[in-house]
file protein-v3.cif (mmCIF, N, CA and C atoms)
data_model
loop_
_atom_site.label_atom_id
_atom_site.label_comp_id
_atom_site.auth_asym_id
_atom_site.auth_seq_id
_atom_site.Cartn_x
_atom_site.Cartn_y
_atom_site.Cartn_z
N MET A 1 -67.76 -93.95 13.35
CA MET A 1 -66.34 -94.14 13.23
C MET A 1 -65.63 -93.26 14.25
N ARG A 2 -64.73 -93.80 14.92
CA ARG A 2 -63.93 -93.02 15.87
C ARG A 2 -62.73 -92.44 15.13
N THR A 3 -62.38 -91.20 15.49
CA THR A 3 -61.22 -90.55 14.89
C THR A 3 -60.62 -89.58 15.89
N THR A 4 -59.40 -89.21 15.66
CA THR A 4 -58.73 -88.26 16.53
C THR A 4 -58.38 -87.03 15.71
N ILE A 5 -58.68 -85.86 16.25
CA ILE A 5 -58.34 -84.62 15.58
C ILE A 5 -57.71 -83.67 16.60
N THR A 6 -56.99 -82.70 16.09
CA THR A 6 -56.39 -81.68 16.95
C THR A 6 -57.12 -80.37 16.71
N ILE A 7 -57.64 -79.80 17.79
CA ILE A 7 -58.39 -78.55 17.71
C ILE A 7 -57.72 -77.55 18.64
N PRO A 8 -57.55 -76.31 18.22
CA PRO A 8 -56.94 -75.31 19.10
C PRO A 8 -57.70 -75.19 20.43
N ASP A 9 -56.94 -75.05 21.51
CA ASP A 9 -57.54 -74.97 22.85
C ASP A 9 -58.60 -73.88 22.97
N ALA A 10 -58.32 -72.71 22.40
CA ALA A 10 -59.26 -71.59 22.51
C ALA A 10 -60.59 -71.93 21.82
N LEU A 11 -60.52 -72.61 20.69
CA LEU A 11 -61.74 -72.98 19.97
C LEU A 11 -62.53 -74.02 20.76
N VAL A 12 -61.84 -74.96 21.36
CA VAL A 12 -62.52 -75.97 22.19
C VAL A 12 -63.21 -75.30 23.38
N ALA A 13 -62.54 -74.35 23.99
CA ALA A 13 -63.12 -73.64 25.14
C ALA A 13 -64.37 -72.88 24.72
N GLU A 14 -64.31 -72.20 23.58
CA GLU A 14 -65.49 -71.48 23.08
C GLU A 14 -66.63 -72.43 22.78
N ALA A 15 -66.32 -73.53 22.13
CA ALA A 15 -67.34 -74.51 21.78
C ALA A 15 -67.95 -75.12 23.03
N ASP A 16 -67.10 -75.50 23.99
CA ASP A 16 -67.60 -76.10 25.23
C ASP A 16 -68.52 -75.15 25.98
N ALA A 17 -68.24 -73.86 25.91
CA ALA A 17 -69.08 -72.87 26.58
C ALA A 17 -70.48 -72.83 25.96
N LEU A 18 -70.60 -73.22 24.68
CA LEU A 18 -71.89 -73.19 24.00
C LEU A 18 -72.64 -74.52 24.08
N VAL A 19 -71.92 -75.59 24.42
CA VAL A 19 -72.58 -76.89 24.54
C VAL A 19 -73.62 -76.79 25.65
N GLY A 20 -74.78 -77.33 25.37
CA GLY A 20 -75.88 -77.25 26.33
C GLY A 20 -76.90 -76.20 25.93
N SER A 21 -76.56 -75.40 24.94
CA SER A 21 -77.51 -74.40 24.45
C SER A 21 -77.79 -74.66 22.98
N GLY A 22 -78.90 -74.15 22.51
CA GLY A 22 -79.24 -74.28 21.10
C GLY A 22 -79.47 -75.71 20.64
N GLY A 23 -79.85 -76.58 21.54
CA GLY A 23 -80.13 -77.95 21.17
C GLY A 23 -78.91 -78.84 21.04
N ILE A 24 -77.75 -78.33 21.39
CA ILE A 24 -76.51 -79.11 21.34
C ILE A 24 -76.20 -79.62 22.75
N ALA A 25 -76.27 -80.93 22.90
CA ALA A 25 -76.10 -81.50 24.24
C ALA A 25 -74.66 -81.89 24.56
N THR A 26 -73.87 -82.23 23.53
CA THR A 26 -72.51 -82.71 23.78
C THR A 26 -71.54 -82.11 22.78
N ARG A 27 -70.26 -82.15 23.12
CA ARG A 27 -69.22 -81.69 22.20
C ARG A 27 -69.26 -82.53 20.92
N ASN A 28 -69.46 -83.81 21.05
CA ASN A 28 -69.53 -84.70 19.90
C ASN A 28 -70.66 -84.27 18.96
N GLN A 29 -71.83 -83.99 19.53
CA GLN A 29 -72.97 -83.56 18.71
C GLN A 29 -72.64 -82.24 18.01
N LEU A 30 -71.96 -81.34 18.72
CA LEU A 30 -71.58 -80.06 18.13
C LEU A 30 -70.67 -80.27 16.91
N ILE A 31 -69.68 -81.13 17.05
CA ILE A 31 -68.74 -81.38 15.96
C ILE A 31 -69.45 -82.03 14.78
N ILE A 32 -70.32 -82.99 15.06
CA ILE A 32 -71.07 -83.66 13.98
C ILE A 32 -71.94 -82.65 13.23
N GLU A 33 -72.69 -81.84 13.96
CA GLU A 33 -73.57 -80.87 13.30
C GLU A 33 -72.79 -79.81 12.54
N ALA A 34 -71.67 -79.38 13.11
CA ALA A 34 -70.84 -78.38 12.43
C ALA A 34 -70.29 -78.96 11.13
N LEU A 35 -69.84 -80.20 11.16
CA LEU A 35 -69.31 -80.84 9.96
C LEU A 35 -70.41 -81.06 8.92
N GLN A 36 -71.59 -81.48 9.37
CA GLN A 36 -72.72 -81.65 8.45
C GLN A 36 -73.08 -80.33 7.79
N ASN A 37 -73.13 -79.27 8.58
CA ASN A 37 -73.45 -77.95 8.03
C ASN A 37 -72.41 -77.51 7.01
N TRP A 38 -71.13 -77.74 7.31
CA TRP A 38 -70.06 -77.36 6.39
C TRP A 38 -70.18 -78.14 5.08
N VAL A 39 -70.45 -79.44 5.17
CA VAL A 39 -70.59 -80.27 3.98
C VAL A 39 -71.76 -79.77 3.13
N GLU A 40 -72.89 -79.48 3.74
CA GLU A 40 -74.06 -78.98 3.00
C GLU A 40 -73.75 -77.63 2.34
N LEU A 41 -73.09 -76.74 3.05
CA LEU A 41 -72.73 -75.44 2.47
C LEU A 41 -71.79 -75.62 1.28
N ARG A 42 -70.85 -76.52 1.42
CA ARG A 42 -69.90 -76.77 0.32
C ARG A 42 -70.63 -77.33 -0.90
N LYS A 43 -71.58 -78.25 -0.68
CA LYS A 43 -72.36 -78.80 -1.79
C LYS A 43 -73.14 -77.68 -2.50
N GLU A 44 -73.73 -76.79 -1.72
CA GLU A 44 -74.47 -75.67 -2.31
C GLU A 44 -73.55 -74.76 -3.11
N GLU A 45 -72.34 -74.52 -2.60
CA GLU A 45 -71.36 -73.70 -3.32
C GLU A 45 -71.00 -74.34 -4.66
N LEU A 46 -70.81 -75.66 -4.65
CA LEU A 46 -70.47 -76.37 -5.89
C LEU A 46 -71.60 -76.27 -6.92
N ILE A 47 -72.84 -76.39 -6.45
CA ILE A 47 -73.99 -76.25 -7.35
C ILE A 47 -74.07 -74.83 -7.88
N ASP A 48 -73.90 -73.86 -7.00
CA ASP A 48 -73.91 -72.45 -7.42
C ASP A 48 -72.83 -72.18 -8.47
N ASN A 49 -71.65 -72.77 -8.28
CA ASN A 49 -70.56 -72.59 -9.24
C ASN A 49 -70.93 -73.17 -10.60
N GLU A 50 -71.63 -74.30 -10.59
CA GLU A 50 -72.07 -74.90 -11.86
C GLU A 50 -73.04 -73.97 -12.59
N PHE A 51 -73.99 -73.39 -11.85
CA PHE A 51 -74.93 -72.45 -12.46
C PHE A 51 -74.21 -71.22 -12.99
N THR A 52 -73.22 -70.75 -12.27
CA THR A 52 -72.45 -69.59 -12.72
C THR A 52 -71.75 -69.90 -14.03
N MET A 53 -71.17 -71.08 -14.13
CA MET A 53 -70.50 -71.47 -15.38
C MET A 53 -71.50 -71.61 -16.52
N MET A 54 -72.71 -72.10 -16.22
CA MET A 54 -73.73 -72.26 -17.25
C MET A 54 -74.11 -70.91 -17.85
N ALA A 55 -74.09 -69.87 -17.04
CA ALA A 55 -74.51 -68.54 -17.50
C ALA A 55 -73.60 -67.99 -18.59
N SER A 56 -72.37 -68.48 -18.65
CA SER A 56 -71.45 -67.99 -19.68
C SER A 56 -71.08 -69.07 -20.70
N ASP A 57 -71.78 -70.19 -20.66
CA ASP A 57 -71.53 -71.30 -21.59
C ASP A 57 -72.37 -71.10 -22.84
N SER A 58 -71.72 -70.75 -23.95
CA SER A 58 -72.45 -70.42 -25.18
C SER A 58 -73.26 -71.62 -25.70
N ASP A 59 -72.76 -72.84 -25.56
CA ASP A 59 -73.51 -74.02 -26.00
C ASP A 59 -74.78 -74.19 -25.18
N TYR A 60 -74.66 -74.01 -23.86
CA TYR A 60 -75.83 -74.13 -22.98
C TYR A 60 -76.86 -73.05 -23.32
N ILE A 61 -76.39 -71.84 -23.50
CA ILE A 61 -77.30 -70.73 -23.81
C ILE A 61 -78.02 -70.98 -25.13
N ALA A 62 -77.29 -71.45 -26.13
CA ALA A 62 -77.91 -71.73 -27.44
C ALA A 62 -78.96 -72.84 -27.31
N GLU A 63 -78.64 -73.88 -26.56
CA GLU A 63 -79.60 -74.98 -26.37
C GLU A 63 -80.84 -74.50 -25.62
N THR A 64 -80.64 -73.68 -24.62
CA THR A 64 -81.77 -73.15 -23.85
C THR A 64 -82.68 -72.30 -24.74
N LEU A 65 -82.08 -71.46 -25.56
CA LEU A 65 -82.88 -70.62 -26.47
C LEU A 65 -83.63 -71.47 -27.49
N ALA A 66 -82.99 -72.54 -27.97
CA ALA A 66 -83.65 -73.43 -28.94
C ALA A 66 -84.85 -74.12 -28.29
N ILE A 67 -84.70 -74.58 -27.08
CA ILE A 67 -85.80 -75.24 -26.36
C ILE A 67 -86.93 -74.24 -26.12
N GLU A 68 -86.55 -73.04 -25.73
CA GLU A 68 -87.53 -71.98 -25.48
C GLU A 68 -88.34 -71.71 -26.75
N LEU A 69 -87.66 -71.65 -27.88
CA LEU A 69 -88.33 -71.41 -29.16
C LEU A 69 -89.28 -72.54 -29.50
N GLU A 70 -88.87 -73.79 -29.23
CA GLU A 70 -89.72 -74.95 -29.51
C GLU A 70 -91.03 -74.90 -28.73
N PHE A 71 -91.00 -74.33 -27.54
CA PHE A 71 -92.20 -74.31 -26.70
C PHE A 71 -93.00 -73.02 -26.81
N THR A 72 -92.58 -72.10 -27.65
CA THR A 72 -93.28 -70.82 -27.78
C THR A 72 -94.75 -71.02 -28.15
N GLN A 73 -95.02 -71.84 -29.15
CA GLN A 73 -96.39 -72.05 -29.60
C GLN A 73 -97.25 -72.68 -28.51
N SER A 74 -96.75 -73.74 -27.87
CA SER A 74 -97.56 -74.40 -26.83
C SER A 74 -97.75 -73.48 -25.63
N ASP A 75 -96.77 -72.68 -25.30
CA ASP A 75 -96.92 -71.71 -24.21
C ASP A 75 -98.01 -70.70 -24.54
N LEU A 76 -98.02 -70.26 -25.78
CA LEU A 76 -99.05 -69.31 -26.24
C LEU A 76 -100.44 -69.93 -26.16
N GLU A 77 -100.55 -71.21 -26.59
CA GLU A 77 -101.84 -71.91 -26.54
C GLU A 77 -102.34 -72.03 -25.11
N VAL A 78 -101.46 -72.36 -24.20
CA VAL A 78 -101.86 -72.49 -22.80
C VAL A 78 -102.29 -71.14 -22.26
N ALA A 79 -101.55 -70.11 -22.58
CA ALA A 79 -101.86 -68.77 -22.08
C ALA A 79 -103.21 -68.29 -22.58
N THR A 80 -103.50 -68.56 -23.85
CA THR A 80 -104.77 -68.10 -24.39
C THR A 80 -105.93 -68.96 -23.94
N SER A 81 -105.68 -70.26 -23.68
CA SER A 81 -106.78 -71.11 -23.21
C SER A 81 -107.16 -70.80 -21.77
N ASN A 82 -106.27 -70.22 -21.01
CA ASN A 82 -106.58 -69.83 -19.63
C ASN A 82 -107.38 -68.55 -19.57
N ASP A 83 -107.43 -67.83 -20.67
CA ASP A 83 -108.20 -66.60 -20.71
C ASP A 83 -109.70 -66.84 -20.82
N ASP A 84 -110.09 -68.09 -21.18
CA ASP A 84 -111.51 -68.43 -21.36
C ASP A 84 -112.27 -68.43 -20.09
#
call {"tool": "encode", "arguments": {"input": "protein-v3.cif", "output": "structure tokens"}}
result
Amino acid sequence: MRTTITIPDALVAEADALVGSGGIATRNQLIIEALQNWVELRKEELIDNEFTMMASDSDYIAETLAIELEFTQSDLEVATSNDD
């Protein structure tokens, strides 16, 4: 898709100075990779935020502890059978 954006002159100059190094052949490739990297970082931040919320969610904690308790016996059986 073609699009038009406005980028500060100083930033374009800095970016253009780096084009040709680090595997970036064109300004277009630089913009695409930078945007892809930003999107991936943002996705990771969103996932991290979900985990942070889970750590203080009393319902989630209670469910996790209940599941852990359910598997206590089978975990013990596996642990002792590996001792043979």
call {"tool": "atom_distance", "arguments": {"input": "protein-v3.cif", "atom1": "atom CA of A:Asn28", "atom2": "atom CA of A:Glu40"}}
result
18.4 Å
call {"tool": "residues_near_point", "arguments": {"input": "protein-v3.cif", "point": "(-66.7, -89.7, 11.5)", "cutoff": "12 Å", "atoms": "only C-alpha atoms", "output": "PyMOL selection string"}}
result
chain A and resi 1-5+28-29+31-33+35-36
call {"tool": "atom_distance", "arguments": {"input": "protein-v3.cif", "atom1": "atom C of A:Glu70", "atom2": "atom C of A:Glu50"}}
result
24.2 Å
call {"tool": "select_by_dssp", "arguments": {"input": "protein-v3.cif", "residues": "chain A", "states": "alpha helix (DSSP H)", "output": "VMD selection string"}}
result
chain A and resid 9 to 18 27 to 55 58 to 70 72 to 81
call {"tool": "atom_distance", "arguments": {"input": "protein-v3.cif", "atom1": "atom CA of A:Leu30", "atom2": "atom CA of A:Glu44"}}
result
21.1 Å
call {"tool": "decode", "arguments": {"input": "protein-v3.cif", "residues": "chain A", "atoms": "C-alpha atoms", "output": "PDB file, in the first residue's frame"}}
result
ATOM      1  CA  MET A   1       0.000   0.000   0.000  1.00  0.00           C
ATOM      2  CA  ARG A   2       1.298   3.409  -0.837  1.00  0.00           C
ATOM      3  CA  THR A   3       0.947   6.151   1.757  1.00  0.00           C
ATOM      4  CA  THR A   4       2.294   9.591   2.460  1.00  0.00           C
ATOM      5  CA  ILE A   5       3.731  10.606   5.808  1.00  0.00           C
ATOM      6  CA  THR A   6       5.534  13.645   7.139  1.00  0.00           C
ATOM      7  CA  ILE A   7       8.851  13.005   8.871  1.00  0.00           C
ATOM      8  CA  PRO A   8      11.076  15.695  10.395  1.00  0.00           C
ATOM      9  CA  ASP A   9      13.986  16.619   8.097  1.00  0.00           C
ATOM     10  CA  ALA A  10      16.617  15.893  10.754  1.00  0.00           C
ATOM     11  CA  LEU A  11      15.244  12.388  11.323  1.00  0.00           C
ATOM     12  CA  VAL A  12      15.206  11.664   7.587  1.00  0.00           C
ATOM     13  CA  ALA A  13      18.809  12.842   7.311  1.00  0.00           C
ATOM     14  CA  GLU A  14      19.883  10.587  10.189  1.00  0.00           C
ATOM     15  CA  ALA A  15      18.016   7.632   8.738  1.00  0.00           C
ATOM     16  CA  ASP A  16      19.389   8.200   5.238  1.00  0.00           C
ATOM     17  CA  ALA A  17      22.922   8.265   6.662  1.00  0.00           C
ATOM     18  CA  LEU A  18      22.328   4.746   8.030  1.00  0.00           C
ATOM     19  CA  VAL A  19      20.717   3.299   4.905  1.00  0.00           C
ATOM     20  CA  GLY A  20      23.150   0.912   3.300  1.00  0.00           C
ATOM     21  CA  SER A  21      24.426  -0.430   6.595  1.00  0.00           C
ATOM     22  CA  GLY A  22      23.112  -3.153   8.865  1.00  0.00           C
ATOM     23  CA  GLY A  23      21.309  -4.937   6.063  1.00  0.00           C
ATOM     24  CA  ILE A  24      19.065  -1.974   5.243  1.00  0.00           C
ATOM     25  CA  ALA A  25      19.291  -1.218   1.544  1.00  0.00           C
ATOM     26  CA  THR A  26      16.628   1.475   1.109  1.00  0.00           C
ATOM     27  CA  ARG A  27      14.740   4.125   3.067  1.00  0.00           C
ATOM     28  CA  ASN A  28      11.544   2.178   2.375  1.00  0.00           C
ATOM     29  CA  GLN A  29      13.034  -0.993   3.872  1.00  0.00           C
ATOM     30  CA  LEU A  30      14.172   0.999   6.908  1.00  0.00           C
ATOM     31  CA  ILE A  31      10.671   2.374   7.504  1.00  0.00           C
ATOM     32  CA  ILE A  32       9.054  -1.042   7.047  1.00  0.00           C
ATOM     33  CA  GLU A  33      11.458  -2.748   9.468  1.00  0.00           C
ATOM     34  CA  ALA A  34      11.180   0.059  12.007  1.00  0.00           C
ATOM     35  CA  LEU A  35       7.383  -0.149  11.910  1.00  0.00           C
ATOM     36  CA  GLN A  36       7.452  -3.955  12.175  1.00  0.00           C
ATOM     37  CA  ASN A  37       9.783  -3.736  15.169  1.00  0.00           C
ATOM     38  CA  TRP A  38       7.546  -1.149  16.846  1.00  0.00           C
ATOM     39  CA  VAL A  39       4.441  -3.291  16.298  1.00  0.00           C
ATOM     40  CA  GLU A  40       6.171  -6.377  17.761  1.00  0.00           C
ATOM     41  CA  LEU A  41       7.399  -4.410  20.783  1.00  0.00           C
ATOM     42  CA  ARG A  42       3.910  -3.037  21.367  1.00  0.00           C
ATOM     43  CA  LYS A  43       2.413  -6.552  21.182  1.00  0.00           C
ATOM     44  CA  GLU A  44       4.956  -7.749  23.754  1.00  0.00           C
ATOM     45  CA  GLU A  45       4.096  -4.805  26.023  1.00  0.00           C
ATOM     46  CA  LEU A  46       0.400  -5.677  25.811  1.00  0.00           C
ATOM     47  CA  ILE A  47       1.118  -9.303  26.726  1.00  0.00           C
ATOM     48  CA  ASP A  48       3.369  -8.210  29.595  1.00  0.00           C
ATOM     49  CA  ASN A  49       0.586  -5.925  30.849  1.00  0.00           C
ATOM     50  CA  GLU A  50      -1.841  -8.847  30.836  1.00  0.00           C
ATOM     51  CA  PHE A  51       0.566 -10.939  32.929  1.00  0.00           C
ATOM     52  CA  THR A  52       1.031  -8.034  35.326  1.00  0.00           C
ATOM     53  CA  MET A  53      -2.730  -7.775  35.800  1.00  0.00           C
ATOM     54  CA  MET A  54      -2.961 -11.545  36.342  1.00  0.00           C
ATOM     55  CA  ALA A  55      -0.486 -11.303  39.224  1.00  0.00           C
ATOM     56  CA  SER A  56      -2.947  -9.215  41.222  1.00  0.00           C
ATOM     57  CA  ASP A  57      -6.174 -10.888  40.055  1.00  0.00           C
ATOM     58  CA  SER A  58      -7.541 -12.769  43.075  1.00  0.00           C
ATOM     59  CA  ASP A  59      -9.794 -15.004  40.922  1.00  0.00           C
ATOM     60  CA  TYR A  60      -6.862 -16.009  38.712  1.00  0.00           C
ATOM     61  CA  ILE A  61      -4.647 -16.669  41.726  1.00  0.00           C
ATOM     62  CA  ALA A  62      -7.331 -18.805  43.388  1.00  0.00           C
ATOM     63  CA  GLU A  63      -7.864 -20.822  40.203  1.00  0.00           C
ATOM     64  CA  THR A  64      -4.128 -21.333  39.772  1.00  0.00           C
ATOM     65  CA  LEU A  65      -3.767 -22.573  43.347  1.00  0.00           C
ATOM     66  CA  ALA A  66      -6.737 -24.928  42.898  1.00  0.00           C
ATOM     67  CA  ILE A  67      -5.207 -26.414  39.739  1.00  0.00           C
ATOM     68  CA  GLU A  68      -1.855 -26.734  41.486  1.00  0.00           C
ATOM     69  CA  LEU A  69      -3.523 -28.609  44.340  1.00  0.00           C
ATOM     70  CA  GLU A  70      -5.290 -30.956  41.901  1.00  0.00           C
ATOM     71  CA  PHE A  71      -1.957 -31.969  40.380  1.00  0.00           C
ATOM     72  CA  THR A  72      -0.029 -32.359  43.638  1.00  0.00           C
ATOM     73  CA  GLN A  73      -0.545 -36.132  43.827  1.00  0.00           C
ATOM     74  CA  SER A  74       0.334 -36.821  40.175  1.00  0.00           C
ATOM     75  CA  ASP A  75       3.386 -34.561  40.429  1.00  0.00           C
ATOM     76  CA  LEU A  76       4.518 -36.520  43.480  1.00  0.00           C
ATOM     77  CA  GLU A  77       3.987 -39.832  41.640  1.00  0.00           C
ATOM     78  CA  VAL A  78       6.065 -38.662  38.694  1.00  0.00           C
ATOM     79  CA  ALA A  79       8.810 -37.374  40.964  1.00  0.00           C
ATOM     80  CA  THR A  80       9.045 -40.617  42.893  1.00  0.00           C
ATOM     81  CA  SER A  81       8.873 -42.807  39.779  1.00  0.00           C
ATOM     82  CA  ASN A  82      11.882 -40.983  38.331  1.00  0.00           C
ATOM     83  CA  ASP A  83      13.896 -41.921  41.387  1.00  0.00           C
ATOM     84  CA  ASP A  84      13.853 -45.608  40.324  1.00  0.00           C
TER      85      ASP A  84
END
